[in-house]
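Undergrad: The structure is given below, and queries will be raised subsequently.
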Amino acid sequence: MSFTLHGLGVSGGIAIGRAFLMSHATLEVAHLTINPRQVDKELARFEEAVAAVQDELIAIREENTEHLPSELLAFIDLHATFLNDPEFTEAPKALIREKHCNAEWALVQQMEILVKQFEQFEDPYLRERKADVVQVVERVVKELLGHPGRAMLKRVKAAASGENLIVVAHDLAPTEVIAFKDRRFAAFATDVGGATSHTAILSRSMAIPAVVGVKNARAIIRDGESLIVDGICGVLIVDPDERILDEYRIRKEQLELERSKLKRLKSAPSETRDGVAVRLMANIELPDDAKMAIESGAEGVGLFRTEFLFLGRGNVPTEDEQFEAYRRVIRLMEKRPITIRTFDLGGDKTIDTQRTKTNPALGRRAIRLSLANPPMFLGQLRAILRASHYGKIRLLIPMLSHAHQIDAMLAMVAQAKESLKDEKISFDEHMEVGGMIEVPGAALAIQMFLKRLDFLSIGTNDLIQYTLAIDRTDEQVANLYDPLHPAVVMLVAHAITSAEKAGIPIAVCGEMAGAPKFTRLLIGMGLRTFSMHPSQILEVKSRVVQADAAELAPLVRRILRLDETGKIKEAVDKLNAPVPGG
Ligand code: PEP
Ligand code: MG
């Protein structure tokens, strides 16, 4: 009988195939009391299993240094660190010695304690690392049970290569993920995981559909069962009937056709029908995301969210580490311009494990934190300036609200330049400095920003959050988060027009820039630079090349006079509707 399961779609597309179930060893361990005479033997068995997994991780690391995304290699290192940590290995040994538990059961008990500790973290990224604890334990338990990772590898290799297989797992560990790189799976579905899970990272880089957080998928779905994965809607259809299969086959074909049409746009110039150039840039979070930016035809990086270099590592990256990361982006972007945003930490992205404020989004976040921590900020400014010698770099400052913040920030940029000059280190003297417009007050009082800065970039994600008083991370109020609220539309239009009048370049780098349904509206407002997730670029380009900027301008001026969200929505739908015969 056919049924549907819901989860979080983390990588788009549709896949139709058969379930390939991955075992979940920790759920299957026996709870045994061993004979006290067996304790030494059990301890040795435990230590051997840990050593075998350690060796395996080292080997995987060495074999894959060149061709794996750096995020995945970092996760492998993290797993190796767990295995070297006495908290991880000593506590189970004590349970074997004192409580006479079998090794598997001792390890799973300690895992449960560690998982609870990770669950206490406020930081969502750190909290999600509990999955890594479970995955390492899983590997050791498999080794203890005598079906090590190598057995899984064999199973993967043995799977008929022509068949469309959909991996269904409780969760995927980086080691498993690596095993998949030579075998084209059609899609992934997992019980747990969020947007930053390994499954999400891998599926996006492989461009295959994935749905995570499908509670109990692994328990409900049977091996070999027919499945449809809809990574766009986050839906899994189990044992679909012929009618549903046909419907999805058609949708899949349509999607593939659209994708191949879009690919052809990669090298086409990004300009409207009436010849207006519209620059499409990429938002990146880690240096290697630049590869995706190039693949999607981005003209450059419009937003490098450098705070991701600071997250999940427990300390601040050194100036040299940051410099190397920026240089890597320069190399990967092959001379294209790069806008590096200084760290936006302290809101929903914290490096502290304890969140101390109840309203972090309104607290010491982004530039406020930078100015409160001069050594950390200066280190980053120096690293960015040093990188500016090797490529076309612009500096972008997040969350500005006051003129004195700009003045203080510019003074620190001058100080960083002086210190580099003293040390005879080269940098671009004329590196442009810009600011994000993401606070409504900044959008309204934009003149004081236009006077002091070389360029601006509108962060609509925060601008909407602050304009409508909606915590962007709170699902309970997500329905009120509306880019077409008249106040938001007014602020965005006001910022664009004011910058245009002042002759200061302005971009939009929030999610609005990457949503094709807003492309025509933004072009009509006069926007000429969009920055977005690389996966959106071609679709937005397809809207750009069909648009006529001169025609859109008066239509959008009329929309700006509307004072109701519903009316604005209707008008934007009309703006997007294909012209009959056009
Ligand atoms: C924004 O606020 O729109 C933006 C681009 O910044 P972030 O999403 O990183 O806060
Ligand atoms: Mg922001």
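Residue numbering restarts at 1 for every chain of the structure tokens, chains are lettered A, B, ... in their displayed order, and ligands are numbered from 1 as they appear.
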Considering only C-alpha atoms, return as number ranges by chain whatever protein or nucleic-acid residues lie within 9 Å of Arg341 of chain A, sequence-local ones (same chain, fewer than 6 positions apart) excluded.

TA: A: 303-307, 394-398, 435-436

Undergrad: Find the residues near ligand 1. Use a cut-off of 7 Å, count only C-alpha atoms and all ligand atoms, and write them as a PyMOL selection string.

TA: chain A and resi 305+344+438+458-463+509-511

Undergrad: Which distance in Å separates atom CA of Val53 of chain A and atom CA of Asp171 of chain A, to one decimal?

TA: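 Answer for the atom CA of Val53 of chain A to atom CA of Asp171 of chain A separation: 18.0 Å.
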
Undergrad: Using only C-alpha atoms, which of A:Met412, A:Asn102, A:Ser388, A:Ile393 sits nearest Pro374 of chain A?

TA: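 Nearest to Pro374 of chain A: A:Met412.
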
Undergrad: Can you check which residues of segment 446-487 of chain A DSSP gives as helix (DSSP H, G or I) on the backbone and send them as a PyMOL selection string?

TA: chain A and resi 447-452+460-468+475-480+486-487

Undergrad: Please, what distance in Å, to one decimal, runs between atom CA of Pro209 of chain A and atom CA of Leu538 of chain A?

TA: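 Value for the atom CA of Pro209 of chain A-atom CA of Leu538 of chain A distance: 18.1 Å.
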
Undergrad: Just list as a list in words whatever in segment 33-254 of chain A DSSP marks as strand (DSSP E or B).

TA: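 Secondary structure check on segment 33-254 of chain A, strand (DSSP E or B): Thr33, Cys101, Leu165, Ile166, Val167, Val168, Ala169, Ala187, Phe188, Ala189, Thr190, Ala210, Val211, Val212, Ser226, Leu227, Ile228, Val229, Asp230, Val235, Leu236, Ile237 and Val238 of chain A.
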
Undergrad: Excluding Met431 of chain A and residues on its chain fewer than 3 positions from it, collect all residues at most 12 Å away from it, counting only C-alpha atoms, and give them as a list in words.

TA: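 After dropping sequence-adjacent residues, the list is Pro337, Ile338, Thr339, Ile340, Leu381, Ile384, Leu385, Arg386, Ala387, Ser388, His389, Tyr390, Gly391, Lys392, Ile393, Arg394, Leu395, Leu396, Leu410, Val413, Ala414, Lys417, Phe427, Asp428, Gly434, Leu453, Asp454 and Phe455 of chain A.
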
Undergrad: Show which residues sit within 10 Å of Gly275 of chain A, as a PyMOL selection string. Count only C-alpha atoms, and ignore same-chain residues fewer than 5 positions away.

TA: chain A and resi 269-270+545+547-550

Undergrad: Determine the nearest neighbour of Val489 of chain A from the options A:Leu555, A:Leu369, A:Leu560, A:Val439, counting only C-alpha atoms.

TA: A:Leu560

Undergrad: Between A:Leu362, A:Val214, A:Leu255, A:Met292, which has the minimum distance to ligand 2 (counting only C-alpha atoms and all ligand atoms)?

TA: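 Looking at the shortest contact to ligand 2, the residue is A:Leu362.
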